[in-house]
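Reading through the structure tokens given below for one structure.
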Amino acid sequence: MTTFVLVHGLTCGGWCWQRVSKLLIKNNHLVYAPTLTGLGERSHLLNPDIDLDTHITDIVNILMWEDLQDVMLVGHSYGGVIIRGVADKVSERIKHLIYLDAHVPANGQSVFDLLSKERLAYYQESVHKHGEGWFIPPPPAEFWELADA
């Protein structure tokens with residue numbers, strides 16, 4: 001049995017891992033797919049003090065409170081930045097880091113350093129127009145070139 005901790009991206013929640021989680025559980029693996037503070041069903045906690053450190057702490061706390069060892073830590077999109085920070089804090093609990101279509105930062109880089117100029121401009125405009133100047137609202141499905149769910 002392998003323990004997987006699945007970390008979603010900025011515009012999702014733990015629910016986005018449902019299909020993957022079911023397959024892993026069916027094959028007798030242990031799966032944690034938490035939703036990060038201020039996102040998804042935890043959006044009621046969103047406030048200007050939530051930052052990358054908050055999200056790193058969310059995942060560190062799962063590993064610590066559940067006493068998880070030899071974890072396969074999977075990060076998607078923004079989750080790649082989070083798992084890097086988690087590894088800096090509790091590397092002894094992690095067996096492998098898995099970056100799934102994720103941002104892979106170098107030390108000192110933020111997710112904004114890794115975005116294209118166009119994507120960064122989109123997010124900056126979105127924050128000022130619809131995010132009250134401090135949060136990134138979820139983009140519409142068309143942004144991701146999705147036709148349906």
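Identifiers for the structure tokens are assigned positionally: chains receive A, B, ... in sequence, residues are indexed from 1 per chain, and ligands are indexed from 1 in the order shown.
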Give the helix (DSSP H, G or I) residues of chain A, as assigned by DSSP on the backbone, as a PyMOL selection string. chain A and resi 14-26+40-45+52-65+79-93+111-114+117-130+141-144
Surrounding residues of range 70-74 of chain A excluding itself and chain neighbours under 2 positions, 12 Å, only C-alpha atoms, as a short mmCIF file (atom, residue, chain, number, x, y, z; two decimals) with N, CA, C and O atoms, in the first residue's frame:
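File produced: out_5.cif:
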data_model
loop_
_atom_site.label_atom_id
_atom_site.label_comp_id
_atom_site.auth_asym_id
_atom_site.auth_seq_id
_atom_site.Cartn_x
_atom_site.Cartn_y
_atom_site.Cartn_z
N MET A 1 0.85 -1.19 0.00
CA MET A 1 0.00 0.00 0.00
C MET A 1 0.89 1.24 0.00
O MET A 1 1.85 1.32 0.75
N THR A 2 0.53 2.18 -0.83
CA THR A 2 1.23 3.46 -0.91
C THR A 2 0.29 4.56 -0.43
O THR A 2 -0.91 4.50 -0.67
N THR A 3 0.84 5.57 0.23
CA THR A 3 0.06 6.72 0.66
C THR A 3 0.29 7.86 -0.31
O THR A 3 1.43 8.25 -0.55
N PHE A 4 -0.80 8.37 -0.87
CA PHE A 4 -0.77 9.50 -1.77
C PHE A 4 -1.42 10.71 -1.11
O PHE A 4 -2.49 10.60 -0.51
N VAL A 5 -0.77 11.86 -1.22
CA VAL A 5 -1.39 13.14 -0.85
C VAL A 5 -1.43 13.94 -2.14
O VAL A 5 -0.38 14.22 -2.75
N LEU A 6 -2.64 14.28 -2.56
CA LEU A 6 -2.87 14.94 -3.85
C LEU A 6 -3.20 16.41 -3.61
O LEU A 6 -4.16 16.73 -2.90
N VAL A 7 -2.41 17.29 -4.20
CA VAL A 7 -2.56 18.73 -3.97
C VAL A 7 -3.05 19.39 -5.27
O VAL A 7 -2.37 19.33 -6.30
N HIS A 8 -4.21 19.99 -5.19
CA HIS A 8 -4.83 20.61 -6.36
C HIS A 8 -4.21 21.97 -6.69
O HIS A 8 -3.40 22.50 -5.94
N GLY A 9 -4.66 22.53 -7.80
CA GLY A 9 -4.21 23.85 -8.24
C GLY A 9 -5.02 24.97 -7.62
O GLY A 9 -5.92 24.75 -6.79
N TRP A 17 -9.78 15.61 -7.59
CA TRP A 17 -9.06 14.33 -7.61
C TRP A 17 -9.98 13.12 -7.47
O TRP A 17 -9.51 11.99 -7.32
N VAL A 20 -9.24 10.07 -9.82
CA VAL A 20 -7.93 9.49 -9.51
C VAL A 20 -7.98 8.79 -8.15
O VAL A 20 -7.48 7.67 -8.00
N SER A 21 -8.59 9.44 -7.17
CA SER A 21 -8.68 8.86 -5.83
C SER A 21 -9.38 7.52 -5.85
O SER A 21 -8.92 6.55 -5.22
N LEU A 24 -7.06 4.85 -7.20
CA LEU A 24 -6.00 4.52 -6.25
C LEU A 24 -6.53 3.70 -5.08
O LEU A 24 -5.93 2.70 -4.68
N HIS A 29 -4.59 1.67 -2.16
CA HIS A 29 -3.71 2.74 -1.71
C HIS A 29 -4.50 3.67 -0.78
O HIS A 29 -5.72 3.76 -0.85
N LEU A 30 -3.78 4.35 0.08
CA LEU A 30 -4.37 5.34 0.97
C LEU A 30 -4.25 6.70 0.29
O LEU A 30 -3.18 7.05 -0.22
N VAL A 31 -5.36 7.46 0.26
CA VAL A 31 -5.38 8.72 -0.48
C VAL A 31 -5.93 9.85 0.38
O VAL A 31 -6.98 9.71 1.02
N TYR A 32 -5.21 10.96 0.38
CA TYR A 32 -5.67 12.20 0.98
C TYR A 32 -5.70 13.24 -0.13
O TYR A 32 -4.72 13.41 -0.86
N ALA A 33 -6.84 13.92 -0.26
CA ALA A 33 -6.98 14.98 -1.27
C ALA A 33 -7.65 16.18 -0.60
O ALA A 33 -8.82 16.48 -0.86
N PRO A 34 -6.92 16.88 0.25
CA PRO A 34 -7.51 18.00 0.98
C PRO A 34 -7.75 19.20 0.07
O PRO A 34 -7.12 19.33 -0.98
N ILE A 59 -0.83 21.36 3.95
CA ILE A 59 -0.36 20.03 3.56
C ILE A 59 0.60 19.45 4.60
O ILE A 59 0.52 18.27 4.94
N VAL A 60 1.48 20.28 5.14
CA VAL A 60 2.37 19.82 6.22
C VAL A 60 1.52 19.26 7.36
O VAL A 60 1.82 18.19 7.93
N ILE A 62 -1.46 17.92 7.30
CA ILE A 62 -2.02 16.60 6.95
C ILE A 62 -0.97 15.53 7.24
O ILE A 62 -1.26 14.51 7.88
N LEU A 63 0.25 15.75 6.78
CA LEU A 63 1.31 14.76 6.99
C LEU A 63 1.60 14.56 8.48
O LEU A 63 1.78 13.42 8.93
N MET A 64 1.62 15.64 9.22
CA MET A 64 1.96 15.56 10.65
C MET A 64 0.81 14.96 11.47
O MET A 64 1.02 14.03 12.24
N GLU A 66 -1.80 13.25 10.59
CA GLU A 66 -2.15 11.88 10.20
C GLU A 66 -0.96 10.94 10.36
O GLU A 66 -1.07 9.75 10.07
N ASP A 67 0.17 11.49 10.77
CA ASP A 67 1.41 10.73 10.96
C ASP A 67 1.77 9.92 9.71
O ASP A 67 2.05 8.73 9.77
N LEU A 68 1.75 10.61 8.57
CA LEU A 68 2.03 9.95 7.30
C LEU A 68 3.53 9.88 7.05
O LEU A 68 4.26 10.84 7.29
N HIS A 76 -0.51 19.41 -8.66
CA HIS A 76 -0.97 19.82 -9.99
C HIS A 76 -0.99 21.34 -10.06
O HIS A 76 -1.46 22.01 -9.13
N SER A 77 -0.48 21.90 -11.16
CA SER A 77 -0.49 23.34 -11.41
C SER A 77 0.17 24.07 -10.24
O SER A 77 1.33 23.80 -9.90
N TYR A 78 -0.54 24.99 -9.60
CA TYR A 78 -0.03 25.71 -8.42
C TYR A 78 0.39 24.74 -7.31
O TYR A 78 1.28 25.04 -6.51
N GLY A 79 -0.21 23.56 -7.28
CA GLY A 79 0.15 22.55 -6.29
C GLY A 79 1.62 22.16 -6.36
O GLY A 79 2.20 21.73 -5.37
N GLY A 80 2.25 22.33 -7.53
CA GLY A 80 3.67 22.06 -7.66
C GLY A 80 4.52 22.97 -6.79
O GLY A 80 5.53 22.55 -6.23
N VAL A 81 4.11 24.22 -6.68
CA VAL A 81 4.82 25.17 -5.83
C VAL A 81 4.63 24.78 -4.36
O VAL A 81 5.57 24.85 -3.56
N ILE A 82 3.44 24.32 -4.04
CA ILE A 82 3.14 23.93 -2.66
C ILE A 82 3.96 22.71 -2.25
O ILE A 82 4.57 22.70 -1.18
N ILE A 83 4.00 21.68 -3.11
CA ILE A 83 4.72 20.46 -2.70
C ILE A 83 6.21 20.72 -2.53
O ILE A 83 6.86 20.10 -1.70
N ARG A 84 6.74 21.66 -3.30
CA ARG A 84 8.15 22.04 -3.12
C ARG A 84 8.37 22.62 -1.72
O ARG A 84 9.32 22.28 -1.04
N GLY A 85 7.46 23.48 -1.30
CA GLY A 85 7.56 24.07 0.04
C GLY A 85 7.36 23.05 1.14
O GLY A 85 8.02 23.10 2.18
N VAL A 86 6.46 22.09 0.92
CA VAL A 86 6.23 21.02 1.90
C VAL A 86 7.51 20.19 2.05
O VAL A 86 7.92 19.86 3.16
N ALA A 87 8.13 19.87 0.92
CA ALA A 87 9.36 19.09 0.95
C ALA A 87 10.47 19.81 1.72
O ALA A 87 11.27 19.17 2.40
N VAL A 90 9.26 19.11 5.58
CA VAL A 90 9.13 17.77 6.15
C VAL A 90 9.59 16.70 5.16
O VAL A 90 8.91 15.70 4.92
N SER A 91 10.76 16.88 4.61
CA SER A 91 11.28 15.96 3.59
C SER A 91 11.37 14.53 4.09
O SER A 91 11.22 13.58 3.31
N GLU A 92 11.58 14.35 5.39
CA GLU A 92 11.70 13.01 5.95
C GLU A 92 10.42 12.18 5.85
O GLU A 92 10.45 10.97 5.97
N ARG A 93 9.30 12.84 5.59
CA ARG A 93 8.01 12.14 5.47
C ARG A 93 7.65 11.82 4.01
O ARG A 93 6.65 11.16 3.77
N ILE A 94 8.45 12.30 3.07
CA ILE A 94 8.10 12.20 1.66
C ILE A 94 9.00 11.20 0.95
O ILE A 94 10.23 11.27 1.06
N LYS A 95 8.37 10.29 0.24
CA LYS A 95 9.12 9.31 -0.56
C LYS A 95 9.44 9.88 -1.94
O LYS A 95 10.56 9.78 -2.42
N HIS A 96 8.41 10.47 -2.59
CA HIS A 96 8.59 11.06 -3.92
C HIS A 96 7.72 12.30 -4.07
O HIS A 96 6.61 12.35 -3.55
N LEU A 97 8.24 13.26 -4.81
CA LEU A 97 7.45 14.41 -5.27
C LEU A 97 7.06 14.12 -6.71
O LEU A 97 7.92 13.74 -7.52
N ILE A 98 5.78 14.31 -7.01
CA ILE A 98 5.29 14.08 -8.37
C ILE A 98 4.63 15.37 -8.85
O ILE A 98 3.66 15.84 -8.25
N TYR A 99 5.18 15.93 -9.91
CA TYR A 99 4.65 17.15 -10.50
C TYR A 99 3.78 16.76 -11.69
O TYR A 99 4.30 16.30 -12.71
N LEU A 100 2.47 16.92 -11.57
CA LEU A 100 1.53 16.55 -12.62
C LEU A 100 1.02 17.81 -13.31
O LEU A 100 0.17 18.52 -12.76
N ASP A 101 1.57 18.09 -14.49
CA ASP A 101 1.21 19.31 -15.21
C ASP A 101 1.27 20.49 -14.23
O ASP A 101 0.32 21.24 -14.07
N ALA A 102 2.42 20.59 -13.57
CA ALA A 102 2.56 21.52 -12.44
C ALA A 102 3.68 22.52 -12.68
O ALA A 102 4.58 22.30 -13.49
N HIS A 103 3.62 23.59 -11.92
CA HIS A 103 4.71 24.56 -11.87
C HIS A 103 5.82 23.96 -11.02
O HIS A 103 5.57 23.46 -9.92
N VAL A 104 7.05 24.03 -11.53
CA VAL A 104 8.20 23.51 -10.80
C VAL A 104 9.15 24.69 -10.56
O VAL A 104 9.95 25.04 -11.42
#
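The list of residues with at least one atom within 10 Å of Cys12 in chain A, based on only C-alpha atoms and without residues fewer than 6 positions apart in the same chain, reads A:Thr35, A:Leu36, A:Leu39, A:Gly40, A:Glu41, A:Pro138.
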Residues flagged strand (DSSP E) by DSSP in range 20-113 of chain A, as a compact mmCIF listing (two decimals) with N, CA and C atoms, in the first residue's frame:
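File written: part14.txt
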# COMPACT_ATOMS: atom_id res chain seq x y z
N LEU A 30 -3.78 4.35 0.08
CA LEU A 30 -4.37 5.34 0.97
C LEU A 30 -4.25 6.70 0.29
N VAL A 31 -5.36 7.46 0.26
CA VAL A 31 -5.38 8.72 -0.48
C VAL A 31 -5.93 9.85 0.38
N TYR A 32 -5.21 10.96 0.38
CA TYR A 32 -5.67 12.20 0.98
C TYR A 32 -5.70 13.24 -0.13
N VAL A 71 5.35 9.22 1.83
CA VAL A 71 4.24 9.76 1.05
C VAL A 71 4.65 10.03 -0.39
N MET A 72 3.76 9.70 -1.30
CA MET A 72 3.86 10.14 -2.68
C MET A 72 3.09 11.46 -2.72
N LEU A 73 3.79 12.57 -2.79
CA LEU A 73 3.19 13.89 -2.73
C LEU A 73 3.05 14.41 -4.15
N VAL A 74 1.80 14.56 -4.59
CA VAL A 74 1.48 14.92 -5.97
C VAL A 74 0.94 16.34 -6.01
N GLY A 75 1.52 17.17 -6.87
CA GLY A 75 1.04 18.54 -7.03
C GLY A 75 0.66 18.81 -8.47
N HIS A 76 -0.51 19.41 -8.66
CA HIS A 76 -0.97 19.82 -9.99
C HIS A 76 -0.99 21.34 -10.06
N SER A 77 -0.48 21.90 -11.16
CA SER A 77 -0.49 23.34 -11.41
C SER A 77 0.17 24.07 -10.24
N ILE A 94 8.45 12.30 3.07
CA ILE A 94 8.10 12.20 1.66
C ILE A 94 9.00 11.20 0.95
N LYS A 95 8.37 10.29 0.24
CA LYS A 95 9.12 9.31 -0.56
C LYS A 95 9.44 9.88 -1.94
N HIS A 96 8.41 10.47 -2.59
CA HIS A 96 8.59 11.06 -3.92
C HIS A 96 7.72 12.30 -4.07
N LEU A 97 8.24 13.26 -4.81
CA LEU A 97 7.45 14.41 -5.27
C LEU A 97 7.06 14.12 -6.71
N ILE A 98 5.78 14.31 -7.01
CA ILE A 98 5.29 14.08 -8.37
C ILE A 98 4.63 15.37 -8.85
N TYR A 99 5.18 15.93 -9.91
CA TYR A 99 4.65 17.15 -10.50
C TYR A 99 3.78 16.76 -11.69
N LEU A 100 2.47 16.92 -11.57
CA LEU A 100 1.53 16.55 -12.62
C LEU A 100 1.02 17.81 -13.31
N ASP A 101 1.57 18.09 -14.49
CA ASP A 101 1.21 19.31 -15.21
C ASP A 101 1.27 20.49 -14.23
N ALA A 102 2.42 20.59 -13.57
CA ALA A 102 2.56 21.52 -12.44
C ALA A 102 3.68 22.52 -12.68
For Val127 in chain A, list every protein, DNA or RNA residue within 9 Å, evaluated using only C-alpha atoms, and leave out those in the same chain fewer than 6 positions away; present the list as number ranges by chain. A: 133-137
